[in-house]
file target-v7.cif (mmCIF, C-alpha atoms, pLDDT in the B column; chains and numbers go by the auth columns)
data_input
loop_
_atom_site.group_PDB
_atom_site.id
_atom_site.type_symbol
_atom_site.label_atom_id
_atom_site.label_comp_id
_atom_site.label_asym_id
_atom_site.label_seq_id
_atom_site.Cartn_x
_atom_site.Cartn_y
_atom_site.Cartn_z
_atom_site.B_iso_or_equiv
_atom_site.auth_seq_id
_atom_site.auth_asym_id
ATOM 1 C CA MET A 1 -1.963 13.676 6.645 64.00 1 A
ATOM 2 C CA ASP A 2 -3.549 13.983 10.105 88.00 2 A
ATOM 3 C CA HIS A 3 -6.823 12.891 8.525 94.00 3 A
ATOM 4 C CA ALA A 4 -5.173 9.771 7.084 93.00 4 A
ATOM 5 C CA ALA A 5 -3.595 8.956 10.447 94.00 5 A
ATOM 6 C CA SER A 6 -6.998 9.261 12.089 96.00 6 A
ATOM 7 C CA ILE A 7 -8.565 6.925 9.520 96.00 7 A
ATOM 8 C CA ALA A 8 -5.753 4.383 9.934 96.00 8 A
ATOM 9 C CA ALA A 9 -6.117 4.533 13.711 97.00 9 A
ATOM 10 C CA GLY A 10 -9.834 3.880 13.341 97.00 10 A
ATOM 11 C CA HIS A 11 -9.189 0.828 11.157 97.00 11 A
ATOM 12 C CA HIS A 12 -6.710 -0.488 13.706 97.00 12 A
ATOM 13 C CA GLN A 13 -9.074 0.126 16.608 98.00 13 A
ATOM 14 C CA SER A 14 -11.795 -1.768 14.755 98.00 14 A
ATOM 15 C CA GLY A 15 -9.588 -4.870 14.684 98.00 15 A
ATOM 16 C CA PHE A 16 -7.483 -4.687 11.532 98.00 16 A
ATOM 17 C CA ASN A 17 -3.753 -5.254 11.943 97.00 17 A
ATOM 18 C CA CYS A 18 -1.298 -2.377 11.449 96.00 18 A
ATOM 19 C CA GLY A 19 -0.535 -3.202 7.820 97.00 19 A
ATOM 20 C CA GLN A 20 -4.196 -3.481 6.948 97.00 20 A
ATOM 21 C CA ALA A 21 -5.011 -0.262 8.791 97.00 21 A
ATOM 22 C CA VAL A 22 -2.508 1.751 6.765 97.00 22 A
ATOM 23 C CA PHE A 23 -3.217 0.107 3.403 97.00 23 A
ATOM 24 C CA LEU A 24 -6.992 0.361 3.808 97.00 24 A
ATOM 25 C CA THR A 25 -6.683 4.090 4.428 97.00 25 A
ATOM 26 C CA PHE A 26 -5.568 4.607 0.824 96.00 26 A
ATOM 27 C CA ALA A 27 -6.733 1.518 -1.091 93.00 27 A
ATOM 28 C CA GLU A 28 -10.248 2.602 -2.037 88.00 28 A
ATOM 29 C CA GLU A 29 -9.087 5.919 -3.505 89.00 29 A
ATOM 30 C CA ASP A 30 -6.875 3.827 -5.817 89.00 30 A
ATOM 31 C CA GLY A 31 -9.816 1.724 -6.982 91.00 31 A
ATOM 32 C CA LEU A 32 -9.395 -1.322 -4.746 94.00 32 A
ATOM 33 C CA ALA A 33 -12.469 -2.776 -3.102 96.00 33 A
ATOM 34 C CA PHE A 34 -12.296 -2.521 0.677 96.00 34 A
ATOM 35 C CA ASP A 35 -12.730 -6.260 1.308 97.00 35 A
ATOM 36 C CA LYS A 36 -10.127 -7.195 -1.317 97.00 36 A
ATOM 37 C CA ALA A 37 -7.650 -4.644 0.069 97.00 37 A
ATOM 38 C CA ALA A 38 -8.210 -6.010 3.579 98.00 38 A
ATOM 39 C CA ALA A 39 -7.611 -9.567 2.404 97.00 39 A
ATOM 40 C CA LEU A 40 -4.502 -8.670 0.381 96.00 40 A
ATOM 41 C CA SER A 41 -2.888 -6.851 3.286 97.00 41 A
ATOM 42 C CA ASN A 42 -3.823 -9.379 5.978 97.00 42 A
ATOM 43 C CA CYS A 43 -0.388 -11.011 5.739 96.00 43 A
ATOM 44 C CA LEU A 44 1.384 -7.827 6.854 96.00 44 A
ATOM 45 C CA GLY A 45 0.443 -8.013 10.536 93.00 45 A
ATOM 46 C CA GLY A 46 3.153 -8.691 13.070 92.00 46 A
ATOM 47 C CA GLY A 47 5.924 -7.932 10.627 92.00 47 A
ATOM 48 C CA PHE A 48 4.960 -10.294 7.786 89.00 48 A
ATOM 49 C CA SER A 49 2.625 -12.845 9.308 91.00 49 A
ATOM 50 C CA GLN A 50 3.826 -12.450 12.883 91.00 50 A
ATOM 51 C CA THR A 51 7.454 -13.254 12.048 93.00 51 A
ATOM 52 C CA GLY A 52 8.763 -9.970 13.450 92.00 52 A
ATOM 53 C CA GLY A 53 10.004 -8.863 10.033 92.00 53 A
ATOM 54 C CA ILE A 54 9.426 -5.456 8.483 92.00 54 A
ATOM 55 C CA CYS A 55 6.780 -3.496 10.391 94.00 55 A
ATOM 56 C CA GLY A 56 3.293 -4.116 9.049 94.00 56 A
ATOM 57 C CA ALA A 57 2.456 -0.417 9.009 95.00 57 A
ATOM 58 C CA VAL A 58 5.545 0.309 6.900 96.00 58 A
ATOM 59 C CA SER A 59 4.669 -2.572 4.580 96.00 59 A
ATOM 60 C CA GLY A 60 1.105 -1.281 4.262 97.00 60 A
ATOM 61 C CA ALA A 61 2.428 2.152 3.342 97.00 61 A
ATOM 62 C CA CYS A 62 4.688 0.577 0.699 97.00 62 A
ATOM 63 C CA LEU A 63 1.686 -1.215 -0.801 96.00 63 A
ATOM 64 C CA ALA A 64 -0.335 1.988 -0.810 96.00 64 A
ATOM 65 C CA ILE A 65 2.469 3.859 -2.607 97.00 65 A
ATOM 66 C CA SER A 66 2.835 1.053 -5.137 96.00 66 A
ATOM 67 C CA ALA A 67 -0.914 0.944 -5.735 95.00 67 A
ATOM 68 C CA LYS A 68 -0.924 4.641 -6.537 95.00 68 A
ATOM 69 C CA PHE A 69 2.352 5.083 -8.426 96.00 69 A
ATOM 70 C CA GLY A 70 3.757 1.639 -9.307 96.00 70 A
ATOM 71 C CA ARG A 71 4.230 0.230 -12.768 96.00 71 A
ATOM 72 C CA TYR A 72 1.463 -2.038 -14.009 95.00 72 A
ATOM 73 C CA GLN A 73 3.040 -3.384 -17.198 96.00 73 A
ATOM 74 C CA PRO A 74 6.106 -5.633 -17.491 95.00 74 A
ATOM 75 C CA SER A 75 7.928 -2.984 -19.532 93.00 75 A
ATOM 76 C CA ARG A 76 10.801 -1.128 -17.904 90.00 76 A
ATOM 77 C CA GLU A 77 10.780 1.669 -20.455 95.00 77 A
ATOM 78 C CA GLY A 78 9.060 5.019 -20.822 97.00 78 A
ATOM 79 C CA GLU A 79 6.129 5.644 -18.499 97.00 79 A
ATOM 80 C CA GLN A 80 6.446 2.262 -16.804 97.00 80 A
ATOM 81 C CA LEU A 81 10.111 2.882 -15.950 97.00 81 A
ATOM 82 C CA ALA A 82 9.209 6.337 -14.653 98.00 82 A
ATOM 83 C CA ARG A 83 6.459 4.829 -12.474 97.00 83 A
ATOM 84 C CA GLN A 84 8.828 2.209 -11.081 97.00 84 A
ATOM 85 C CA GLU A 85 11.523 4.775 -10.331 97.00 85 A
ATOM 86 C CA LYS A 86 9.022 7.110 -8.652 98.00 86 A
ATOM 87 C CA THR A 87 7.721 4.271 -6.487 97.00 87 A
ATOM 88 C CA TYR A 88 11.238 3.313 -5.410 97.00 88 A
ATOM 89 C CA ARG A 89 12.103 6.943 -4.704 98.00 89 A
ATOM 90 C CA LEU A 90 9.014 7.471 -2.551 97.00 90 A
ATOM 91 C CA ILE A 91 9.559 4.283 -0.593 95.00 91 A
#

call {"tool": "encode", "arguments": {"input": "target-v7.cif", "output": "structure tokens"}}
result
Amino acid sequence: MDHAASIAAGHHQSGFNCGQAVFLTFAEEDGLAFDKAAALSNCLGGGFSQTGGICGAVSGACLAISAKFGRYQPSREGEQLARQEKTYRLI
């Protein structure tokens, strides 16, 4: 985990917001292109677009968990239900 924290810190130091920094740390290993992951997570900075809502870093972590474990079909049965429940449990 220290390695991931170091990578996230590097992303943040390079100019990405907190949400992007965390999400980008894990996005590529889950098959997301770096530029697309950066664009998708741009809205997380400042607590959802600088509104002071949920912390961007926490939101970025939630996206990373969902990208890895979340359900990807509309079904809420079998494997898809298990994926949804695991995602909720981890978050």

call {"tool": "resolve_selection", "arguments": {"input": "target-v7.cif", "expression": "the PyMOL selection byres ((chain A and resi 34-42) around 7)", "output": "ChimeraX atom specification"}}
result
/A:19-20,23-24,27-28,32-33,43-45,60

call {"tool": "atom_distance", "arguments": {"input": "target-v7.cif", "atom1": "CA of Phe69 (chain A)", "atom2": "CA of Gln84 (chain A)"}}
result
7.6 Å

call {"tool": "residues_around", "arguments": {"input": "target-v7.cif", "residues": "Lys86 (chain A)", "least_positions_apart": "2", "cutoff": "10 Å", "atoms": "all atoms listed in the file", "output": "count of residues only"}}
result
14

call {"tool": "closest_residue", "arguments": {"input": "target-v7.cif", "among": "A:Tyr72, A:Gly46, A:Gln13, A:Gly31", "to": "Thr87 (chain A)", "atoms": "only C-alpha atoms"}}
result
A:Tyr72

call {"tool": "atom_distance", "arguments": {"input": "target-v7.cif", "atom1": "CA of Ser6 (chain A)", "atom2": "CA of Ala21 (chain A)"}}
result
10.3 Å

call {"tool": "residues_near_point", "arguments": {"input": "target-v7.cif", "point": "(-4.1, 6.7, 4.9)", "cutoff": "7 Å", "atoms": "only C-alpha atoms", "output": "NGL selection string"}}
result
:A and (4-5 or 7-8 or 22-23 or 25-26)

call {"tool": "atom_distance", "arguments": {"input": "target-v7.cif", "atom1": "CA of Glu79 (chain A)", "atom2": "CA of Ala67 (chain A)"}}
result
15.3 Å

call {"tool": "closest_residue", "arguments": {"input": "target-v7.cif", "among": "A:Arg76, A:Glu85, A:Gly47, A:Asp2", "to": "Asn17 (chain A)", "atoms": "all atoms listed in the file"}}
result
A:Gly47

call {"tool": "axis_aligned_box", "arguments": {"input": "target-v7.cif", "around": "region 10-29 of chain A", "padding_each_side": "4 Å", "output": "AutoDock Vina command-line options"}}
result
--center_x -6.2 --center_y 0.3 --center_z 6.6 --size_x 19.3 --size_y 19.2 --size_z 28.1

call {"tool": "decode", "arguments": {"input": "target-v7.cif", "residues": "region 51-62 of chain A", "atoms": "N, CA, C and O atoms", "output": "PDB file, in the first residue's frame"}}
result
ATOM      1  N   THR A  51     -17.387  21.684  -4.408  1.00  0.00           N
ATOM      2  CA  THR A  51     -18.572  22.025  -3.622  1.00  0.00           C
ATOM      3  C   THR A  51     -18.358  21.750  -2.141  1.00  0.00           C
ATOM      4  O   THR A  51     -19.224  22.063  -1.329  1.00  0.00           O
ATOM      5  N   GLY A  52     -17.231  21.131  -1.790  1.00  0.00           N
ATOM      6  CA  GLY A  52     -16.960  20.801  -0.402  1.00  0.00           C
ATOM      7  C   GLY A  52     -17.707  19.556   0.054  1.00  0.00           C
ATOM      8  O   GLY A  52     -17.853  19.327   1.244  1.00  0.00           O
ATOM      9  N   GLY A  53     -18.161  18.754  -0.889  1.00  0.00           N
ATOM     10  CA  GLY A  53     -18.860  17.514  -0.555  1.00  0.00           C
ATOM     11  C   GLY A  53     -17.876  16.437  -0.121  1.00  0.00           C
ATOM     12  O   GLY A  53     -16.831  16.723   0.456  1.00  0.00           O
ATOM     13  N   ILE A  54     -18.203  15.205  -0.438  1.00  0.00           N
ATOM     14  CA  ILE A  54     -17.348  14.077  -0.052  1.00  0.00           C
ATOM     15  C   ILE A  54     -15.944  14.289  -0.609  1.00  0.00           C
ATOM     16  O   ILE A  54     -15.769  14.649  -1.777  1.00  0.00           O
ATOM     17  N   CYS A  55     -14.955  14.046   0.207  1.00  0.00           N
ATOM     18  CA  CYS A  55     -13.546  14.207  -0.151  1.00  0.00           C
ATOM     19  C   CYS A  55     -13.238  13.534  -1.485  1.00  0.00           C
ATOM     20  O   CYS A  55     -13.629  12.394  -1.730  1.00  0.00           O
ATOM     21  N   GLY A  56     -12.540  14.244  -2.346  1.00  0.00           N
ATOM     22  CA  GLY A  56     -12.188  13.715  -3.652  1.00  0.00           C
ATOM     23  C   GLY A  56     -11.348  12.454  -3.583  1.00  0.00           C
ATOM     24  O   GLY A  56     -11.523  11.535  -4.380  1.00  0.00           O
ATOM     25  N   ALA A  57     -10.436  12.388  -2.618  1.00  0.00           N
ATOM     26  CA  ALA A  57      -9.602  11.196  -2.489  1.00  0.00           C
ATOM     27  C   ALA A  57     -10.451   9.986  -2.107  1.00  0.00           C
ATOM     28  O   ALA A  57     -10.241   8.884  -2.631  1.00  0.00           O
ATOM     29  N   VAL A  58     -11.415  10.183  -1.228  1.00  0.00           N
ATOM     30  CA  VAL A  58     -12.320   9.088  -0.850  1.00  0.00           C
ATOM     31  C   VAL A  58     -13.160   8.676  -2.053  1.00  0.00           C
ATOM     32  O   VAL A  58     -13.332   7.489  -2.332  1.00  0.00           O
ATOM     33  N   SER A  59     -13.651   9.649  -2.793  1.00  0.00           N
ATOM     34  CA  SER A  59     -14.451   9.354  -3.988  1.00  0.00           C
ATOM     35  C   SER A  59     -13.621   8.608  -5.022  1.00  0.00           C
ATOM     36  O   SER A  59     -14.107   7.671  -5.673  1.00  0.00           O
ATOM     37  N   GLY A  60     -12.373   9.011  -5.199  1.00  0.00           N
ATOM     38  CA  GLY A  60     -11.486   8.322  -6.134  1.00  0.00           C
ATOM     39  C   GLY A  60     -11.248   6.883  -5.723  1.00  0.00           C
ATOM     40  O   GLY A  60     -11.215   5.979  -6.563  1.00  0.00           O
ATOM     41  N   ALA A  61     -11.111   6.655  -4.419  1.00  0.00           N
ATOM     42  CA  ALA A  61     -10.937   5.291  -3.923  1.00  0.00           C
ATOM     43  C   ALA A  61     -12.194   4.465  -4.179  1.00  0.00           C
ATOM     44  O   ALA A  61     -12.109   3.291  -4.560  1.00  0.00           O
ATOM     45  N   CYS A  62     -13.364   5.071  -3.994  1.00  0.00           N
ATOM     46  CA  CYS A  62     -14.626   4.367  -4.265  1.00  0.00           C
ATOM     47  C   CYS A  62     -14.708   3.975  -5.737  1.00  0.00           C
ATOM     48  O   CYS A  62     -15.118   2.847  -6.061  1.00  0.00           O
TER      49      CYS A  62
END
